[in-house]
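Listing of input_32.pdb, PDB, C-alpha atoms
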ATOM      1  CA  MET A   1      -3.110   7.745   0.727
ATOM      2  CA  LYS A   2      -0.158   9.602   2.250
ATOM      3  CA  GLU A   3       3.412   9.917   1.006
ATOM      4  CA  LEU A   4       6.451   9.951   3.263
ATOM      5  CA  LEU A   5       9.783  11.078   1.863
ATOM      6  CA  ILE A   6      12.675   9.992   4.056
ATOM      7  CA  ILE A   7      15.677  12.182   3.208
ATOM      8  CA  ARG A   8      19.136  12.015   4.703
ATOM      9  CA  HIS A   9      20.945  15.339   5.086
ATOM     10  CA  ALA A  10      23.469  16.326   2.398
ATOM     11  CA  LYS A  11      27.200  15.668   2.768
ATOM     12  CA  SER A  12      28.702  17.523   5.714
ATOM     13  CA  SER A  13      32.111  19.033   6.246
ATOM     14  CA  TRP A  14      34.730  17.702   8.627
ATOM     15  CA  ASP A  15      36.982  20.738   8.031
ATOM     16  CA  PHE A  16      36.214  22.358  11.385
ATOM     17  CA  PRO A  17      37.338  19.992  14.167
ATOM     18  CA  HIS A  18      36.460  22.578  16.839
ATOM     19  CA  LEU A  19      32.741  22.329  15.955
ATOM     20  CA  ASN A  20      30.584  19.785  17.713
ATOM     21  CA  ASP A  21      28.653  17.318  15.569
ATOM     22  CA  TYR A  22      25.394  19.301  15.737
ATOM     23  CA  ASN A  23      27.033  22.392  14.204
ATOM     24  CA  ARG A  24      28.865  20.769  11.286
ATOM     25  CA  PRO A  25      28.001  22.594   8.023
ATOM     26  CA  LEU A  26      27.553  21.195   4.535
ATOM     27  CA  ASN A  27      30.659  20.698   2.420
ATOM     28  CA  ASP A  28      30.854  21.768  -1.233
ATOM     29  CA  ARG A  29      29.355  18.501  -2.481
ATOM     30  CA  GLY A  30      26.497  18.820   0.006
ATOM     31  CA  LYS A  31      25.832  22.392  -1.127
ATOM     32  CA  ARG A  32      25.576  21.102  -4.735
ATOM     33  CA  ASP A  33      23.619  17.919  -4.022
ATOM     34  CA  ALA A  34      20.835  19.411  -1.874
ATOM     35  CA  PRO A  35      19.418  21.734  -4.568
ATOM     36  CA  LYS A  36      20.103  19.095  -7.245
ATOM     37  CA  MET A  37      17.982  16.523  -5.411
ATOM     38  CA  ALA A  38      15.314  19.111  -4.604
ATOM     39  CA  LYS A  39      15.051  19.955  -8.314
ATOM     40  CA  TRP A  40      14.860  16.264  -9.185
ATOM     41  CA  LEU A  41      12.090  15.785  -6.608
ATOM     42  CA  SER A  42      10.235  18.769  -8.036
ATOM     43  CA  SER A  43      10.469  17.198 -11.504
ATOM     44  CA  GLN A  44       8.611  14.144 -10.155
ATOM     45  CA  GLU A  45       5.556  16.372  -9.615
ATOM     46  CA  ILE A  46       5.348  15.472  -5.942
ATOM     47  CA  LYS A  47       3.711  18.261  -3.930
ATOM     48  CA  VAL A  48       5.303  18.376  -0.500
ATOM     49  CA  ASP A  49       3.131  19.900   2.228
ATOM     50  CA  LEU A  50       5.622  19.865   5.094
ATOM     51  CA  ILE A  51       9.354  19.405   5.625
ATOM     52  CA  LEU A  52      10.127  18.198   9.135
ATOM     53  CA  SER A  53      13.873  18.543   9.757
ATOM     54  CA  SER A  54      16.438  17.950  12.434
ATOM     55  CA  GLY A  55      17.894  21.187  13.762
ATOM     56  CA  ALA A  56      21.491  20.100  13.154
ATOM     57  CA  GLU A  57      23.225  22.598  10.853
ATOM     58  CA  ARG A  58      23.732  20.120   7.986
ATOM     59  CA  ALA A  59      20.121  18.909   8.120
ATOM     60  CA  LYS A  60      18.675  22.406   8.462
ATOM     61  CA  ASN A  61      20.662  23.676   5.464
ATOM     62  CA  THR A  62      19.585  20.671   3.404
ATOM     63  CA  ALA A  63      15.975  21.350   4.392
ATOM     64  CA  LEU A  64      16.295  25.014   3.431
ATOM     65  CA  ALA A  65      17.556  23.985  -0.030
ATOM     66  CA  PHE A  66      14.517  21.716  -0.478
ATOM     67  CA  GLN A  67      12.175  24.397   0.847
ATOM     68  CA  ALA A  68      13.542  26.953  -1.637
ATOM     69  CA  VAL A  69      12.777  24.667  -4.584
ATOM     70  CA  LEU A  70       9.580  23.006  -3.353
ATOM     71  CA  ASN A  71       7.956  26.027  -1.676
ATOM     72  CA  SER A  72       6.945  23.843   1.274
ATOM     73  CA  HIS A  73       6.377  24.703   4.906
ATOM     74  CA  LEU A  74       9.446  23.907   7.054
ATOM     75  CA  LYS A  75       9.417  22.896  10.697
ATOM     76  CA  ILE A  76      12.666  22.368  12.622
ATOM     77  CA  ASN A  77      12.511  19.778  15.381
ATOM     78  CA  ASP A  78      15.563  19.070  17.536
ATOM     79  CA  GLN A  79      14.054  15.747  18.615
ATOM     80  CA  LEU A  80      14.958  14.442  15.142
ATOM     81  CA  TYR A  81      18.705  14.899  15.750
ATOM     82  CA  HIS A  82      20.184  11.376  15.739
ATOM     83  CA  ALA A  83      16.782   9.977  16.729
ATOM     84  CA  SER A  84      16.031   6.270  16.771
ATOM     85  CA  TYR A  85      13.541   4.917  14.256
ATOM     86  CA  SER A  86      10.893   4.694  16.993
ATOM     87  CA  LYS A  87      11.316   8.401  17.852
ATOM     88  CA  LEU A  88      11.170   9.275  14.148
ATOM     89  CA  LEU A  89       8.022   7.203  13.727
ATOM     90  CA  ASN A  90       6.487   8.906  16.756
ATOM     91  CA  GLN A  91       7.126  12.317  15.151
ATOM     92  CA  ILE A  92       5.529  11.123  11.897
ATOM     93  CA  LYS A  93       2.468   9.884  13.793
ATOM     94  CA  GLN A  94       2.000  13.352  15.319
ATOM     95  CA  THR A  95       1.731  15.007  11.892
ATOM     96  CA  ALA A  96      -1.572  16.712  11.131
ATOM     97  CA  SER A  97      -3.951  14.781   8.886
ATOM     98  CA  ASN A  98      -4.195  17.635   6.384
ATOM     99  CA  VAL A  99      -0.538  16.987   5.442
ATOM    100  CA  ASN A 100      -0.616  14.536   2.543
ATOM    101  CA  CYS A 101       3.069  14.532   1.652
ATOM    102  CA  LEU A 102       5.702  14.788   4.384
ATOM    103  CA  ILE A 103       9.473  15.058   4.117
ATOM    104  CA  LEU A 104      11.293  13.715   7.155
ATOM    105  CA  LEU A 105      14.871  15.010   6.939
ATOM    106  CA  SER A 106      17.285  13.636   9.496
ATOM    107  CA  HIS A 107      20.273  11.341  10.097
ATOM    108  CA  ASN A 108      21.430   7.754   9.862
ATOM    109  CA  PRO A 109      21.234   5.186  11.336
ATOM    110  CA  GLY A 110      17.723   6.230  12.417
ATOM    111  CA  LEU A 111      16.475   6.900   8.884
ATOM    112  CA  ASN A 112      17.746   3.579   7.555
ATOM    113  CA  ASP A 113      16.206   1.798  10.520
ATOM    114  CA  LEU A 114      12.905   3.599   9.885
ATOM    115  CA  ALA A 115      12.855   2.571   6.212
ATOM    116  CA  ASP A 116      13.772  -0.984   7.202
ATOM    117  CA  TYR A 117      10.958  -1.092   9.764
ATOM    118  CA  LEU A 118       8.243   0.451   7.579
ATOM    119  CA  LEU A 119       9.117  -1.676   4.545
ATOM    120  CA  SER A 120       9.746  -4.852   6.557
ATOM    121  CA  GLY A 121      13.236  -4.805   5.083
ATOM    122  CA  PHE A 122      15.184  -2.137   3.228
ATOM    123  CA  PRO A 123      18.608  -3.532   2.308
ATOM    124  CA  GLU A 124      20.069  -0.288   0.978
ATOM    125  CA  ASN A 125      22.047   2.347   2.832
ATOM    126  CA  ILE A 126      20.484   5.769   2.388
ATOM    127  CA  PRO A 127      23.411   7.894   1.192
ATOM    128  CA  THR A 128      23.696  11.607   1.886
ATOM    129  CA  THR A 129      20.839  13.485   0.202
ATOM    130  CA  GLY A 130      19.228  10.131  -0.616
ATOM    131  CA  ILE A 131      15.440  10.049  -0.910
ATOM    132  CA  VAL A 132      13.276   7.061  -0.005
ATOM    133  CA  SER A 133       9.640   7.655  -0.928
ATOM    134  CA  LEU A 134       6.975   5.527   0.724
ATOM    135  CA  LYS A 135       3.287   5.396  -0.068
ATOM    136  CA  LEU A 136       1.154   4.759   3.002
ATOM    137  CA  ASP A 137      -2.387   3.495   2.610
ATOM    138  CA  ILE A 138      -3.688   5.600   5.512
ATOM    139  CA  LYS A 139      -5.929   8.592   6.182
ATOM    140  CA  LYS A 140      -4.164   9.786   9.340
ATOM    141  CA  TRP A 141      -0.428   9.780  10.047
ATOM    142  CA  SER A 142      -1.115   8.138  13.402
ATOM    143  CA  GLU A 143      -1.911   4.967  11.411
ATOM    144  CA  ALA A 144       1.577   4.737   9.841
ATOM    145  CA  SER A 145       3.041   1.254  10.204
ATOM    146  CA  SER A 146       4.748  -1.544   8.325
ATOM    147  CA  LYS A 147       1.296  -2.934   7.489
ATOM    148  CA  ASN A 148       0.401  -0.046   5.174
ATOM    149  CA  ALA A 149       3.709   1.188   3.678
ATOM    150  CA  SER A 150       5.180   0.399   0.276
ATOM    151  CA  LEU A 151       8.258   1.643  -1.559
ATOM    152  CA  HIS A 152       7.488   4.219  -4.227
ATOM    153  CA  LEU A 153      11.009   5.304  -5.210
ATOM    154  CA  PHE A 154      14.611   5.453  -4.049
ATOM    155  CA  GLN A 155      16.959   8.062  -5.516
ATOM    156  CA  TYR A 156      20.306   9.606  -4.593
ATOM    157  CA  PRO A 157      22.769  12.073  -6.170
ATOM    158  CA  LYS A 158      25.283   9.602  -7.608
ATOM    159  CA  ASN A 159      22.425   7.781  -9.374
ATOM    160  CA  LEU A 160      21.296  10.887 -11.314
TER     161      LEU A 160
END
Before we go any further, please render this structure as structure tokens.
Amino acid sequence: MKELLIIRHAKSSWDFPHLNDYNRPLNDRGKRDAPKMAKWLSSQEIKVDLILSSGAERAKNTALAFQAVLNSHLKINDQLYHASYSKLLNQIKQTASNVNCLILLSHNPGLNDLADYLLSGFPENIPTTGIVSLKLDIKKWSEASSKNASLHLFQYPKNL
């Protein structure tokens, strides 16, 4: 059994119009919500082995907040920046088998599309710093598909 935690980056700032999308930082709410959600996740006694994050500034800073609380290994991957669900799934499938719990931290709409695909329907929008936890009845990440995924939990800052 593997666990996949799909996490959308925390709320980003639009205060710097000269910055391109990739370099947008977190706003004050994002800086509060990322550690808040990391602490909540830690309270669920889920041991995260690897955080795989987009390299965009807002995603990377969200990932660093989770890493600080969860003490997990962090890998930045620019291929996750605004990736389609199929590219996200491909990255998941390349994860080493010794990783039992993986955080995939990226952007919408790809994350929502990924949850929708794996669960054969996920009607919710994943809000900023939202967490969708899936249990996958697999031994290797390469086996991840809609045939072996089930929803474990869905949590987001405004719901806490």
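With only C-alpha atoms taken into account, the protein and nucleic acid residues at most 10 Å from Ser106 in chain A (excluding it and anything under 3 positions from it in its own chain) are Ile6, Ile7, Arg8, His9, Ala10, Leu52, Ser53, Ser54, Gly55, Ala56, Arg58, Ala59, Lys60, Thr62, Ala63, Asn77, Asp78, Gln79, Leu80, Tyr81, His82, Ala83, Leu88, Ile103, Pro109, Gly110, Leu111 and Thr129 of chain A.
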Local residues around (16.9, 3.0, -4.5), at most 10 Å away, using only C-alpha atoms, as a ChimeraX atom specification: /A:122-127,130-133,151-156,159
Would you export the selected residues with C-alpha atoms as a PDB file, in the coordinates of the input, please?
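Listing of again18.pdb after writing:
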ATOM      1  CA  PHE A 122      15.184  -2.137   3.228  1.00  0.00           C
ATOM      2  CA  PRO A 123      18.608  -3.532   2.308  1.00  0.00           C
ATOM      3  CA  GLU A 124      20.069  -0.288   0.978  1.00  0.00           C
ATOM      4  CA  ASN A 125      22.047   2.347   2.832  1.00  0.00           C
ATOM      5  CA  ILE A 126      20.484   5.769   2.388  1.00  0.00           C
ATOM      6  CA  PRO A 127      23.411   7.894   1.192  1.00  0.00           C
ATOM      7  CA  GLY A 130      19.228  10.131  -0.616  1.00  0.00           C
ATOM      8  CA  ILE A 131      15.440  10.049  -0.910  1.00  0.00           C
ATOM      9  CA  VAL A 132      13.276   7.061  -0.005  1.00  0.00           C
ATOM     10  CA  SER A 133       9.640   7.655  -0.928  1.00  0.00           C
ATOM     11  CA  LEU A 151       8.258   1.643  -1.559  1.00  0.00           C
ATOM     12  CA  HIS A 152       7.488   4.219  -4.227  1.00  0.00           C
ATOM     13  CA  LEU A 153      11.009   5.304  -5.210  1.00  0.00           C
ATOM     14  CA  PHE A 154      14.611   5.453  -4.049  1.00  0.00           C
ATOM     15  CA  GLN A 155      16.959   8.062  -5.516  1.00  0.00           C
ATOM     16  CA  TYR A 156      20.306   9.606  -4.593  1.00  0.00           C
ATOM     17  CA  ASN A 159      22.425   7.781  -9.374  1.00  0.00           C
TER      18      ASN A 159
END
Can you report as AutoDock Vina command-line options the centre and edge lengths in Å, to one decimal, of an axis-aligned box around the listed atoms of range 141-160 of chain A padded with 8 Å on each side?
--center_x 11.7 --center_y 4.6 --center_z 1.0 --size_x 43.2 --size_y 31.0 --size_z 40.7
Minimum-distance residue to Thr128 in chain A, chosen among A:Leu41, A:Ile76, A:Leu26, A:Ala68 (using all atoms listed in the file): A:Leu26
Test item: residues at most 10 Å from Ser150 in chain A, only C-alpha atoms, excluding those fewer than 4 positions along its chain, as a PyMOL selection string: chain A and resi 3+115+118-120+133-137+146
Evaluate the PyMOL selection byres ((chain A and resi 142) around 8) and report residues as a VMD selection string: chain A and resid 92 to 95 140 to 141 143 to 144
Coordinates-based distance that separates CA of Leu74 in chain A from CA of Gln44 in chain A (Å, one decimal): 19.8 Å
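Residues selected in this file by the PyMOL selection byres ((chain A and resi 73) around 7) comprise A:Asp49, A:Leu50, A:Ile51, A:Asn71, A:Ser72, A:Leu74, A:Lys75.
By chain and then residue number, the residues within 8 Å of Asp113 in chain A are Ser84, Tyr85 and Asn108 of chain A, counting all atoms listed in the file and disregarding those fewer than 5 positions away in sequence.
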Residues near Ala38 in chain A, cut-off 9 Å, all atoms listed in the file, skip fewer than 2 positions along chain, as an NGL selection string: :A and (33-36 or 40-43 or 65-70)
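Taking CA of Lys11 in chain A as the reference point, CA of Lys31 in chain A is found at 7.9 Å.
Taking all atoms listed in the file into account, Leu4 in chain A lies nearest to A:Leu89 out of the set A:Leu64, A:Leu89, A:Leu19, A:Leu160.
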Nearest candidate to Leu114 in chain A (options A:Leu5, A:Arg32, A:Phe16, A:Met37; using only C-alpha atoms): A:Leu5
